[in-house]
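Heads up, structure18.txt below (compact mmCIF, C-alpha atoms):
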```txt
# COMPACT_ATOMS: atom_id res chain seq x y z
CA MET A 210 414.33 335.85 138.31
CA LYS A 211 413.21 332.61 139.99
CA ALA A 212 413.15 334.29 143.40
CA PHE A 213 410.90 337.05 142.06
CA VAL A 214 408.36 334.56 140.68
CA VAL A 215 408.25 332.60 143.95
CA ILE A 216 407.76 335.76 146.04
CA LEU A 217 405.06 337.01 143.70
CA PHE A 218 403.27 333.67 144.03
CA PHE A 219 403.19 333.93 147.84
CA LEU A 220 402.04 337.56 147.83
CA VAL A 221 399.32 337.18 145.24
CA GLY A 222 398.45 333.54 145.75
CA PRO A 223 397.46 330.83 143.29
CA LEU A 224 395.69 331.89 140.11
CA GLY A 225 396.50 335.55 140.78
CA VAL A 226 393.85 335.92 143.49
CA SER A 227 394.84 338.28 146.27
CA THR A 228 394.50 336.76 149.71
CA GLY A 229 394.47 338.31 153.15
CA GLN A 230 392.76 338.33 156.49
CA THR A 231 389.05 338.98 156.49
CA ILE A 232 386.28 338.79 159.09
CA VAL A 233 383.52 338.61 156.52
CA GLY A 234 383.01 336.22 153.64
CA THR A 235 383.63 337.29 150.08
CA SER A 236 380.68 335.33 148.69
CA SER A 237 377.39 337.13 148.20
CA GLU A 238 375.03 336.82 151.18
CA ASN A 239 371.46 337.74 151.96
CA LYS A 240 370.67 340.75 154.11
CA LYS A 241 370.66 340.63 157.88
CA ILE A 242 368.00 342.29 160.01
CA ILE A 243 368.25 344.98 162.67
CA LEU A 244 365.07 345.18 164.74
CA GLU A 245 365.02 348.42 166.71
CA GLU A 246 362.37 347.96 169.36
CA TYR A 247 360.92 351.08 171.03
CA GLY A 248 359.26 350.80 174.40
CA GLY A 249 359.36 351.83 178.01
CA ILE A 250 359.44 350.50 181.53
CA TYR A 251 355.71 351.26 182.04
CA CYS A 252 354.48 350.22 178.59
CA VAL A 253 351.53 347.84 178.98
CA TYR A 254 351.98 346.02 175.64
CA CYS A 255 355.81 346.01 175.61
CA PRO A 256 356.10 342.57 177.26
CA GLU A 257 354.15 341.14 174.31
CA GLY A 258 356.45 343.03 171.94
CA ASN A 259 359.45 341.54 173.77
CA GLN A 260 358.02 338.04 173.31
CA ILE A 261 357.47 338.64 169.60
CA ALA A 262 361.03 339.97 169.20
CA GLU A 263 362.48 336.98 171.08
CA SER A 264 360.47 334.62 168.88
CA ILE A 265 361.82 336.29 165.73
CA LEU A 266 365.39 335.98 167.02
CA ALA A 267 364.82 332.30 167.82
CA ASP A 268 363.35 331.65 164.35
CA TYR A 269 366.29 333.31 162.55
CA PRO A 270 369.44 332.79 164.65
CA GLY A 271 372.37 334.84 163.40
CA GLU A 272 370.16 336.63 160.88
CA VAL A 273 368.23 339.05 163.12
CA PHE A 274 369.74 341.40 165.69
CA ARG A 275 367.78 343.41 168.24
CA ILE A 276 368.33 346.86 169.71
CA ASN A 277 366.02 347.97 172.52
CA ILE A 278 365.45 351.70 172.81
CA GLU A 279 363.66 352.91 175.93
CA GLU A 280 362.14 356.30 175.17
CA GLY A 281 358.91 358.22 175.17
CA LEU A 282 355.96 358.58 177.48
CA TYR A 283 356.31 355.13 179.09
CA ALA A 284 360.07 355.30 179.63
CA ASN A 285 360.19 358.13 182.22
CA PRO A 286 361.18 356.46 185.50
CA GLU A 287 359.51 357.18 188.79
CA ALA A 288 361.56 357.67 191.95
CA GLY A 289 363.58 354.56 192.76
CA ASP A 290 363.02 352.89 189.36
CA PRO A 291 365.84 352.32 186.87
CA ASP A 292 366.34 354.77 183.99
CA PHE A 293 366.91 352.83 180.77
CA ARG A 294 366.79 355.89 178.49
CA SER A 295 369.84 356.97 176.49
CA ASP A 296 371.12 360.31 175.27
CA TYR A 297 370.08 359.43 171.69
CA GLY A 298 366.76 357.69 172.29
CA GLU A 299 364.59 360.73 171.60
CA ALA A 300 366.34 361.46 168.29
CA TYR A 301 365.96 357.83 167.19
CA LEU A 302 362.30 357.78 168.21
CA ASN A 303 361.51 361.05 166.40
CA GLN A 304 362.83 359.79 163.06
CA THR A 305 360.51 356.75 163.05
CA GLY A 306 357.11 358.45 162.97
CA LEU A 307 355.75 356.00 165.54
CA VAL A 308 352.36 356.67 167.12
CA GLY A 309 352.17 353.90 169.73
CA PHE A 310 354.22 351.54 171.87
CA PRO A 311 355.75 349.13 171.40
CA ALA A 312 356.92 349.95 167.92
CA GLY A 313 359.81 348.70 165.88
CA THR A 314 361.78 349.45 162.77
CA ILE A 315 363.24 346.81 160.50
CA ASN A 316 366.48 348.05 158.94
CA ARG A 317 364.91 351.55 159.12
CA LEU A 318 362.97 350.82 155.94
CA VAL A 319 359.45 351.83 154.99
CA PHE A 320 356.99 348.97 154.44
CA PRO A 321 354.07 350.54 152.56
CA GLY A 322 350.68 349.43 153.81
CA ILE A 323 351.84 348.10 157.18
CA GLU A 324 353.62 351.14 158.63
CA GLN A 325 352.42 352.60 161.90
CA GLY A 326 351.07 356.13 161.62
CA ASN A 327 351.48 358.21 158.48
CA ALA A 328 352.49 356.79 155.11
CA GLY A 329 356.26 356.76 154.82
CA SER A 330 356.85 356.02 158.51
CA THR A 331 359.53 353.45 159.31
CA ALA A 332 357.68 352.44 162.48
CA LEU A 333 355.80 349.16 162.57
CA GLY A 334 353.41 347.83 165.18
CA ARG A 335 354.47 344.57 166.82
CA ALA A 336 351.98 342.56 164.76
CA HIS A 337 353.92 343.40 161.56
CA TRP A 338 357.53 342.78 162.65
CA SER A 339 357.63 339.16 161.44
CA GLU A 340 356.11 340.07 158.08
CA ALA A 341 358.72 342.77 157.49
CA VAL A 342 361.57 340.48 158.56
CA GLU A 343 360.48 337.80 156.09
CA GLN A 344 360.39 340.35 153.25
CA ILE A 345 364.00 341.39 153.85
CA LEU A 346 365.68 338.05 154.61
CA ASP A 347 365.41 336.83 151.02
CA GLU A 348 367.00 339.98 149.57
CA GLN A 349 370.59 339.78 148.44
CA SER A 350 372.98 342.18 150.16
CA ILE A 351 374.86 344.55 147.87
CA VAL A 352 377.95 344.40 150.08
CA ASN A 353 379.21 342.24 152.94
CA VAL A 354 380.21 344.34 155.95
CA ALA A 355 381.68 343.28 159.27
CA ALA A 356 383.38 345.01 162.16
CA THR A 357 385.19 344.11 165.31
CA ALA A 358 385.29 346.21 168.44
CA THR A 359 387.10 346.31 171.72
CA VAL A 360 385.64 347.92 174.82
CA ASP A 361 387.94 349.30 177.49
CA TYR A 362 385.92 349.62 180.72
CA GLU A 363 388.68 351.45 182.58
```
Output the file's structure in the form of C-alpha cells.
Amino acid sequence: MKAFVVILFFLVGPLGVSTGQTIVGTSSENKKIILEEYGGIYCVYCPEGNQIAESILADYPGEVFRINIEEGLYANPEAGDPDFRSDYGEAYLNQTGLVGFPAGTINRLVFPGIEQGNAGSTALGRAHWSEAVEQILDEQSIVNVAATATVDYE
C-alpha cells in the first residue's frame, strides 16, 4: 500500500494538483492583439500605416502581433516588381468591409463608431488602430491558448 501512495503522489503532485508540461500559463491573462494590416506595394499611405503599426508593436512588446496582407488595387505588381499577394488575401480582404488603404483589423472585431466604411465593418483606418488596441488590451482572456510549430523547408 505504501508504494501505491508514493506513486500516486508523483503522478498527481502535491495537494492533488495535476502537473504536466505546458507552453502557456495556467493563470488568467489579458487578451493579446492581432493587427492584420492591409496594403499594397503601390499604396501611397501604406508607409505611414507601417510606421503606426511598428509604433504600436514597440509600445506593447509581446502583446501585439502583426500580419501584413498585400491585396487589392495597390498590390498588383508591374513587370519586374515583387508579388507579395497570397492565395488567401482576397478572401481576407473581402470579409473586412474596408473601403481604403491602408486598413487594419484588430482581432477581427467591430469597433462601433470608428470602423471604416459601413457600420459593422471590422476594418479600421490607420488613425484608429491604437485606439482599438488600447480597448482590447485591458480585457481578460477567457482562455489561454498557445501553439508550437515546426517548418520543414525541404
Hey, what's within 12 Å of Pro270 of chain A if we count all atoms listed in the file and toss same-chain stuff fewer than 5 positions away? As a short mmCIF file (atom, residue, chain, number, x, y, z; two decimals) with C-alpha atoms, keeping the file's coordinate frame, please?
```
data_model
loop_
_atom_site.label_atom_id
_atom_site.label_comp_id
_atom_site.auth_asym_id
_atom_site.auth_seq_id
_atom_site.Cartn_x
_atom_site.Cartn_y
_atom_site.Cartn_z
CA LYS A 241 370.66 340.63 157.88
CA ILE A 242 368.00 342.29 160.01
CA ALA A 262 361.03 339.97 169.20
CA GLU A 263 362.48 336.98 171.08
CA SER A 264 360.47 334.62 168.88
CA ILE A 265 361.82 336.29 165.73
CA ARG A 275 367.78 343.41 168.24
CA LEU A 346 365.68 338.05 154.61
#
```
* Counting all atoms listed in the file, what is within 8 Å of Asn353 of chain A, bar same-chain residues fewer than 2 positions away, as a list in words? -> Val233, Gly234, Thr235, Ser237, Glu238, Ser350, Ile351 and Ala355 of chain A
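One distance worth recording is that between atom CA of Tyr269 of chain A and atom CA of Tyr251 of chain A, which is 28.5 Å.
Taking only C-alpha atoms into account, Gly329 of chain A lies nearest to A:Thr305 out of the set A:Asn259, A:Thr305, A:Gln344, A:Gln349.
A cut-off of 7 Å from the point (359.1, 359.8, 178.4), with only C-alpha atoms, picks out the residues Glu280, Gly281, Leu282, Tyr283, Ala284 and Asn285 of chain A.
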Identify, on the basis of all atoms listed in the file, every residue whose closest approach to Gly249 of chain A does not exceed 12 Å; exclude the query and any residue fewer than 6 positions from it along the same chain; express the result as a tab-separated table (two decimals) with C-alpha atoms, in the coordinates of the input.
```
chain	number	residue	atom	x	y	z
A	255	CYS	CA	355.81	346.01	175.61
A	256	PRO	CA	356.10	342.57	177.26
A	258	GLY	CA	356.45	343.03	171.94
A	259	ASN	CA	359.45	341.54	173.77
A	277	ASN	CA	366.02	347.97	172.52
A	278	ILE	CA	365.45	351.70	172.81
A	279	GLU	CA	363.66	352.91	175.93
A	280	GLU	CA	362.14	356.30	175.17
A	281	GLY	CA	358.91	358.22	175.17
A	282	LEU	CA	355.96	358.58	177.48
A	283	TYR	CA	356.31	355.13	179.09
A	284	ALA	CA	360.07	355.30	179.63
A	285	ASN	CA	360.19	358.13	182.22
A	286	PRO	CA	361.18	356.46	185.50
A	290	ASP	CA	363.02	352.89	189.36
A	291	PRO	CA	365.84	352.32	186.87
A	292	ASP	CA	366.34	354.77	183.99
A	293	PHE	CA	366.91	352.83	180.77
A	294	ARG	CA	366.79	355.89	178.49
A	295	SER	CA	369.84	356.97	176.49
A	298	GLY	CA	366.76	357.69	172.29
A	302	LEU	CA	362.30	357.78	168.21
A	309	GLY	CA	352.17	353.90	169.73
A	310	PHE	CA	354.22	351.54	171.87
A	311	PRO	CA	355.75	349.13	171.40
A	312	ALA	CA	356.92	349.95	167.92
```
* Asked: Which is closer to Val352 of chain A than all the others in A:Ile315, A:Ser236, A:Glu272, A:Gly289, using only C-alpha atoms?
  -> A:Ser236
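Within 12 Å of His337 of chain A, once all atoms listed in the file are used and residues closer than 3 positions along the same chain are dropped, the contacting residues are A:Leu244, A:Gly258, A:Ile261, A:Ala262, A:Ile265, A:Pro311, A:Ala312, A:Gly313, A:Thr314, A:Ile315, A:Phe320, A:Pro321, A:Gly322, A:Ile323, A:Glu324, A:Gln325, A:Thr331, A:Ala332, A:Leu333, A:Gly334, A:Glu340, A:Ala341, A:Val342, A:Glu343, A:Gln344.
The gap separating atom CA of Asp268 of chain A from atom CA of Lys240 of chain A is 15.5 Å, in Å to one decimal.
Proximity ranking of A:Ile345, A:Ala336, A:Tyr247, A:Ala328 relative to Ile276 of chain A places A:Tyr247 first, based on only C-alpha atoms.
Put simply, atom CA of Phe274 of chain A is 4.9 Å away from atom CA of Ile243 of chain A.
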As AutoDock Vina command-line options, please: the centre and edge lengths in Å, to one decimal, of an axis-aligned box enclosing every listed atom of segment 277-285 of chain A with 3 Å added on each side.
```
--center_x 361.0 --center_y 353.3 --center_z 177.4 --size_x 16.1 --size_y 16.6 --size_z 15.7
```
